[in-house]
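Take a look at the structure set out below.
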Amino acid sequence: MSEETIREIFLNADGLVKTSDITRRGFHNSVLDKLIKQGKVAKVKHGFYQWVENGEMTEAAIIARLFPAAIICQESALHYYGYTDRTPQCWHLAVNKDSSKSKLSLNYPPIQPYFIEPAYLELGVTQAIIDGVAMRIYDRERCICDAVRYSNKMDREILNQAIHAYVQDKHKNITKLLDYANKLKAYKKIQTWVGVWL
């Protein structure tokens, strides 16, 4: 079997394959090692590889493919909505608290998982197009609730900037914000942090 056949396997999988996709077609693992040395394939995480000869997949495409159930949250979501001008150093992803930590290990791109109780995980989930890829993301109100809930773990400058930007956002929904705050047991904190600006 030729290298062209392997390339087709990658192309048919949108550029990202598992080791089993290759071995199932009759190739040995050593073929991947050879292609990595030639700079045609790169290891994304254990058991996952991408074809890089014609340009690497975007970070968004890799995240969406490897973690389709993950939700963009915290600083990554705040940045998407324009609530902070500081570019996150990694992708902040909300995942089910029962998710395997080893499956969230990546060589690239860097991610920061947040393990969320299933009862709260889907609250405020919407969709965004990032680098041409449809991704799950928390809406504005959930982002602000989470920022305030975890204020002791967040950079104070980012938190203040996010709250001020939200208050000035014409798309904000205060009723929804307070509803989320109530459900997330953060009503008093939201009143303290956001209420003074409304």
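We label chains A, B, ... in the order they appear in the structure tokens, count residues from 1 in each chain, and number ligands from 1 in the order shown.
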
Who sits within 12 Å of Ser100 of chain A, only C-alpha atoms, same chain under 6 positions skipped, as a PDB file with N, CA and C atoms, in the first residue's frame:
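Heads up, here's the output in result-v2.pdb:
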```
ATOM      1  N   PHE A  67     -12.894  16.578  20.960  1.00  0.00           N
ATOM      2  CA  PHE A  67     -13.782  16.739  22.113  1.00  0.00           C
ATOM      3  C   PHE A  67     -15.118  17.356  21.693  1.00  0.00           C
ATOM      4  N   PRO A 113      -9.018  21.919  31.053  1.00  0.00           N
ATOM      5  CA  PRO A 113     -10.369  21.407  31.274  1.00  0.00           C
ATOM      6  C   PRO A 113     -10.940  21.852  32.620  1.00  0.00           C
ATOM      7  N   TYR A 114     -12.251  22.055  32.654  1.00  0.00           N
ATOM      8  CA  TYR A 114     -12.987  22.343  33.880  1.00  0.00           C
ATOM      9  C   TYR A 114     -14.021  21.235  34.020  1.00  0.00           C
ATOM     10  N   PHE A 115     -13.935  20.490  35.102  1.00  0.00           N
ATOM     11  CA  PHE A 115     -14.810  19.337  35.301  1.00  0.00           C
ATOM     12  C   PHE A 115     -16.084  19.779  36.013  1.00  0.00           C
TER      13      PHE A 115
END
```

Practice task
Show which residues sit within 8 Å of Tyr138 of chain A, as number ranges by chain. Count only C-alpha atoms, and ignore same-chain residues fewer than 2 positions away.
Solution key: A: 71-73, 77, 123-127, 136, 140-143

Problem - Nearest residue to Tyr80 of chain A from the set A:Glu59, A:Asp98, A:Asp131, A:Glu117 (distances using only C-alpha atoms) - result: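 Under the stated criterion, the closest residue is A:Asp131.
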
Problem - segment 5-103 of chain A: residues DSSP assigns to strand (DSSP E or B), reported as an MDAnalysis selection string - result: chainID A and resid 16:18 41:45 48:51 71:72 91:96

Output of the above residues as an mmCIF file, in the first residue's frame, restricted to C-alpha atoms:
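For reference, out-v1.cif as written:
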```cif
data_model
loop_
_atom_site.group_PDB
_atom_site.id
_atom_site.type_symbol
_atom_site.label_atom_id
_atom_site.label_comp_id
_atom_site.auth_asym_id
_atom_site.auth_seq_id
_atom_site.Cartn_x
_atom_site.Cartn_y
_atom_site.Cartn_z
ATOM 1 C CA LEU A 16 -7.126 13.739 11.776
ATOM 2 C CA VAL A 17 -6.993 9.965 12.304
ATOM 3 C CA LYS A 18 -6.612 7.419 15.074
ATOM 4 C CA VAL A 41 2.278 13.698 9.895
ATOM 5 C CA ALA A 42 2.238 15.135 13.429
ATOM 6 C CA LYS A 43 1.143 13.485 16.670
ATOM 7 C CA VAL A 44 -1.715 15.413 18.279
ATOM 8 C CA LYS A 45 -2.161 13.179 21.324
ATOM 9 C CA PHE A 48 -4.266 10.621 17.209
ATOM 10 C CA TYR A 49 -2.347 12.038 14.260
ATOM 11 C CA GLN A 50 -2.865 14.786 11.696
ATOM 12 C CA TRP A 51 -1.628 15.183 8.129
ATOM 13 C CA ILE A 71 -17.944 23.484 25.807
ATOM 14 C CA ILE A 72 -15.777 26.578 25.410
ATOM 15 C CA TRP A 91 -8.405 26.558 25.310
ATOM 16 C CA HIS A 92 -10.683 26.589 28.356
ATOM 17 C CA LEU A 93 -13.124 23.677 28.040
ATOM 18 C CA ALA A 94 -16.000 22.609 30.264
ATOM 19 C CA VAL A 95 -16.411 18.831 30.369
ATOM 20 C CA ASN A 96 -18.428 16.347 32.380
#
```

Practice task
Mind listing the helix (DSSP H, G or I) residues of chain A, per DSSP on the backbone, as an MDAnalysis selection string?
Solution key: chainID A and resid 3:12 19:23 29:37 59:66 74:80 102:104 118:121 140:149 151:153 156:168 174:183 187:193 195:197

Problem - Pick from A:Lys103, A:His171, A:Lys185, A:His79 nearest to Ile158 of chain A, counting only C-alpha atoms - result: A:His79

Problem - Nearest to Lys183 of chain A by atom-to-atom distance, counting only C-alpha atoms, from A:Asp146, A:Glu3, A:Asp169, A:Asp155 - result: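 Checking each candidate against Lys183 of chain A, we get A:Asp146 as the closest.
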
Problem - Contacts of Val148 of chain A at 9 Å (only C-alpha atoms; same-chain gap of 5+ positions) as a count of residues only - result: 9

Practice task
Grab the atom CA of Gln161 of chain A to atom CA of Thr84 of chain A distance for me, in Å with one decimal place.
Solution key: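 For atom CA of Gln161 of chain A relative to atom CA of Thr84 of chain A, the distance reads 6.1 Å.
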
Exercise for the section: Grab the atom CA of Pro110 of chain A to atom CA of Gln89 of chain A distance for me, in Å with one decimal place. Expected result: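 It comes out at 7.7 Å.
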